[in-house]
Amino acid sequence: MSKFYKVNDIFYTLQGEGFYTGVPAIFIRFAECNLRCDFCDTDFKESLEMTLGDLEMTLAQYPAKHVVLTGGEPSLQTDEELLQMLHAEGYYVQIETNGTNELPENIDWITMSPKSLNPKLKECDELKVIYEGQPLEKYFAIKAKHYFLQPCSSGDVKNDGEITHATVNVCLKDPRWRLSLQTQNYVGIK
């Protein structure tokens, strides 16, 4: 019997956030999450059940070899079988996780955006904090190659402008942080 992955969407676009901003990538947006953040952009109402073969055939339609596992929370479904298939097909695998679950060993790039005070993951390639004015020192307990601050988007233009301005000021005061913007929203892509 084949295992099924609950997938919200698979789409091809440019990575819009963090270290790989601008890189063509295939996104696999998983449908499940253990958190339900107010600002999440995943629609949890709909999903498809896909086998590894379904995923492989869908990914083969696109020219990029950079795959982003996102969600929801991709760590709930990412397993060795999925990663083996992706690597066998020559894909570079990036995961965007909230850090609440352990990950398989062979992920090429880990982007962690912690939403809780005590994530299980203590190390990642890039840490991306959704900034709303909260204290930030605790995040340096997480070992990362890169630290990004991303203004939280509320949908209110005035409020978003204030949050973005505050985020820029934090980066200027503490150069350990780099600014990450949701460039996909600025250029009108998914």
# chains A, B, ... in the order shown; residues from 1 in each chain; ligands from 1
>>> residues_around(residues="segment 119-129 of chain A", least_positions_apart="3", cutoff="8 Å", atoms="only C-alpha atoms", output="PyMOL selection string")
chain A and resi 18-19+98-102+109-116+141-150+180
>>> residues_around(residues="Thr70 of chain A", least_positions_apart="6", cutoff="8 Å", atoms="only C-alpha atoms", output="list of chain:residue names")
A:Phe27, A:Ile28, A:Arg29, A:Phe30, A:Ile95, A:Glu96, A:Thr97
>>> select_by_dssp(residues="segment 71-113 of chain A", states="strand (DSSP E or B)", output="ChimeraX atom specification")
/A:92-97,109-112
>>> closest_residue(among="A:Thr13, A:Ser47, A:Ser154, A:Gln61", to="Lys190 of chain A", atoms="only C-alpha atoms")
A:Thr13
>>> closest_residue(among="A:Ser153, A:Tyr131, A:Leu48, A:Lys158", to="Trp177 of chain A", atoms="only C-alpha atoms")
A:Tyr131
>>> closest_residue(among="A:Leu59, A:Val68, A:Ala31, A:Ile130", to="Thr164 of chain A", atoms="only C-alpha atoms")
A:Ile130
>>> select_by_dssp(residues="segment 8-121 of chain A", states="helix (DSSP H, G or I)", output="VMD selection string")
chain A and resid 52 to 59 74 to 76 80 to 88
>>> closest_residue(among="A:His165, A:Lys3, A:Lys173, A:Lys65", to="Asp79 of chain A", atoms="only C-alpha atoms")
A:Lys3
>>> atom_distance(atom1="atom CA of Phe4 of chain A", atom2="atom CA of Gly72 of chain A")
16.2 Å
>>> closest_residue(among="A:Pro175, A:Pro24, A:Gly16, A:Pro135", to="Pro63 of chain A", atoms="only C-alpha atoms")
A:Pro24
>>> atom_distance(atom1="atom CA of Ser75 of chain A", atom2="atom CA of Gly155 of chain A")
27.6 Å
>>> atom_distance(atom1="atom CA of Ile10 of chain A", atom2="atom CA of Ala64 of chain A")
13.0 Å
>>> decode(residues="segment 81-119 of chain A", atoms="N, CA and C atoms", output="compact mmCIF listing (two decimals), in the first residue's frame")
# COMPACT_ATOMS: atom_id res chain seq x y z
N GLU A 81 11.84 8.63 2.84
CA GLU A 81 11.44 8.20 1.50
C GLU A 81 11.29 9.40 0.56
N LEU A 82 10.64 10.45 1.04
CA LEU A 82 10.47 11.65 0.23
C LEU A 82 11.83 12.26 -0.11
N LEU A 83 12.69 12.39 0.89
CA LEU A 83 14.00 13.01 0.67
C LEU A 83 14.86 12.16 -0.27
N GLN A 84 14.79 10.84 -0.13
CA GLN A 84 15.55 9.97 -1.03
C GLN A 84 15.10 10.15 -2.48
N MET A 85 13.78 10.22 -2.69
CA MET A 85 13.27 10.42 -4.05
C MET A 85 13.74 11.76 -4.60
N LEU A 86 13.63 12.82 -3.81
CA LEU A 86 14.04 14.15 -4.27
C LEU A 86 15.52 14.19 -4.62
N HIS A 87 16.35 13.64 -3.76
CA HIS A 87 17.79 13.64 -4.04
C HIS A 87 18.13 12.74 -5.23
N ALA A 88 17.47 11.61 -5.37
CA ALA A 88 17.71 10.71 -6.51
C ALA A 88 17.38 11.41 -7.82
N GLU A 89 16.42 12.33 -7.79
CA GLU A 89 16.04 13.08 -9.00
C GLU A 89 16.87 14.37 -9.16
N GLY A 90 17.86 14.58 -8.27
CA GLY A 90 18.77 15.71 -8.41
C GLY A 90 18.31 17.02 -7.82
N TYR A 91 17.33 16.97 -6.93
CA TYR A 91 16.81 18.20 -6.34
C TYR A 91 17.63 18.62 -5.11
N TYR A 92 17.78 19.93 -4.97
CA TYR A 92 18.32 20.55 -3.75
C TYR A 92 17.09 20.82 -2.89
N VAL A 93 17.12 20.34 -1.64
CA VAL A 93 15.93 20.38 -0.80
C VAL A 93 16.08 21.38 0.33
N GLN A 94 15.19 22.37 0.32
CA GLN A 94 15.08 23.37 1.38
C GLN A 94 13.78 23.12 2.12
N ILE A 95 13.81 23.22 3.44
CA ILE A 95 12.58 23.10 4.21
C ILE A 95 12.36 24.40 4.99
N GLU A 96 11.11 24.82 5.07
CA GLU A 96 10.73 25.98 5.88
C GLU A 96 9.88 25.44 7.03
N THR A 97 10.44 25.44 8.23
CA THR A 97 9.81 24.79 9.37
C THR A 97 9.65 25.75 10.54
N ASN A 98 8.70 25.43 11.41
CA ASN A 98 8.54 26.23 12.64
C ASN A 98 9.46 25.72 13.75
N GLY A 99 10.13 24.61 13.52
CA GLY A 99 11.12 24.11 14.47
C GLY A 99 10.57 23.28 15.61
N THR A 100 9.29 22.94 15.56
CA THR A 100 8.67 22.22 16.68
C THR A 100 8.87 20.71 16.60
N ASN A 101 9.40 20.21 15.48
CA ASN A 101 9.62 18.76 15.32
C ASN A 101 11.04 18.50 14.83
N GLU A 102 11.55 17.34 15.19
CA GLU A 102 12.85 16.91 14.66
C GLU A 102 12.72 16.70 13.16
N LEU A 103 13.85 16.83 12.45
CA LEU A 103 13.87 16.66 11.00
C LEU A 103 14.75 15.49 10.61
N PRO A 104 14.48 14.87 9.46
CA PRO A 104 15.41 13.87 8.93
C PRO A 104 16.78 14.51 8.69
N GLU A 105 17.80 13.72 8.65
CA GLU A 105 19.19 14.21 8.55
C GLU A 105 19.54 14.88 7.23
N ASN A 106 19.02 14.38 6.11
CA ASN A 106 19.59 14.77 4.82
C ASN A 106 18.82 15.86 4.08
N ILE A 107 18.46 16.91 4.79
CA ILE A 107 17.87 18.09 4.16
C ILE A 107 19.01 19.06 3.87
N ASP A 108 19.03 19.61 2.65
CA ASP A 108 20.15 20.45 2.23
C ASP A 108 20.18 21.82 2.90
N TRP A 109 19.01 22.42 3.16
CA TRP A 109 18.96 23.76 3.74
C TRP A 109 17.74 23.86 4.65
N ILE A 110 17.98 24.25 5.89
CA ILE A 110 16.88 24.38 6.86
C ILE A 110 16.65 25.85 7.15
N THR A 111 15.44 26.30 6.82
CA THR A 111 14.98 27.63 7.20
C THR A 111 14.02 27.44 8.35
N MET A 112 14.36 27.98 9.51
CA MET A 112 13.47 27.86 10.66
C MET A 112 12.88 29.22 11.00
N SER A 113 11.57 29.21 11.15
CA SER A 113 10.84 30.39 11.57
C SER A 113 10.05 30.01 12.82
N PRO A 114 10.71 30.11 13.99
CA PRO A 114 10.07 29.63 15.22
C PRO A 114 8.86 30.46 15.60
N LYS A 115 7.81 29.76 15.99
CA LYS A 115 6.58 30.43 16.43
C LYS A 115 6.32 30.17 17.92
N SER A 116 7.18 29.37 18.54
CA SER A 116 7.05 29.11 19.97
C SER A 116 8.36 29.50 20.66
N LEU A 117 8.30 29.63 21.97
CA LEU A 117 9.48 30.04 22.71
C LEU A 117 10.52 28.94 22.83
N ASN A 118 10.10 27.70 22.71
CA ASN A 118 11.03 26.58 22.88
C ASN A 118 10.99 25.62 21.71
N PRO A 119 11.53 26.02 20.55
CA PRO A 119 11.54 25.08 19.43
C PRO A 119 12.45 23.89 19.75
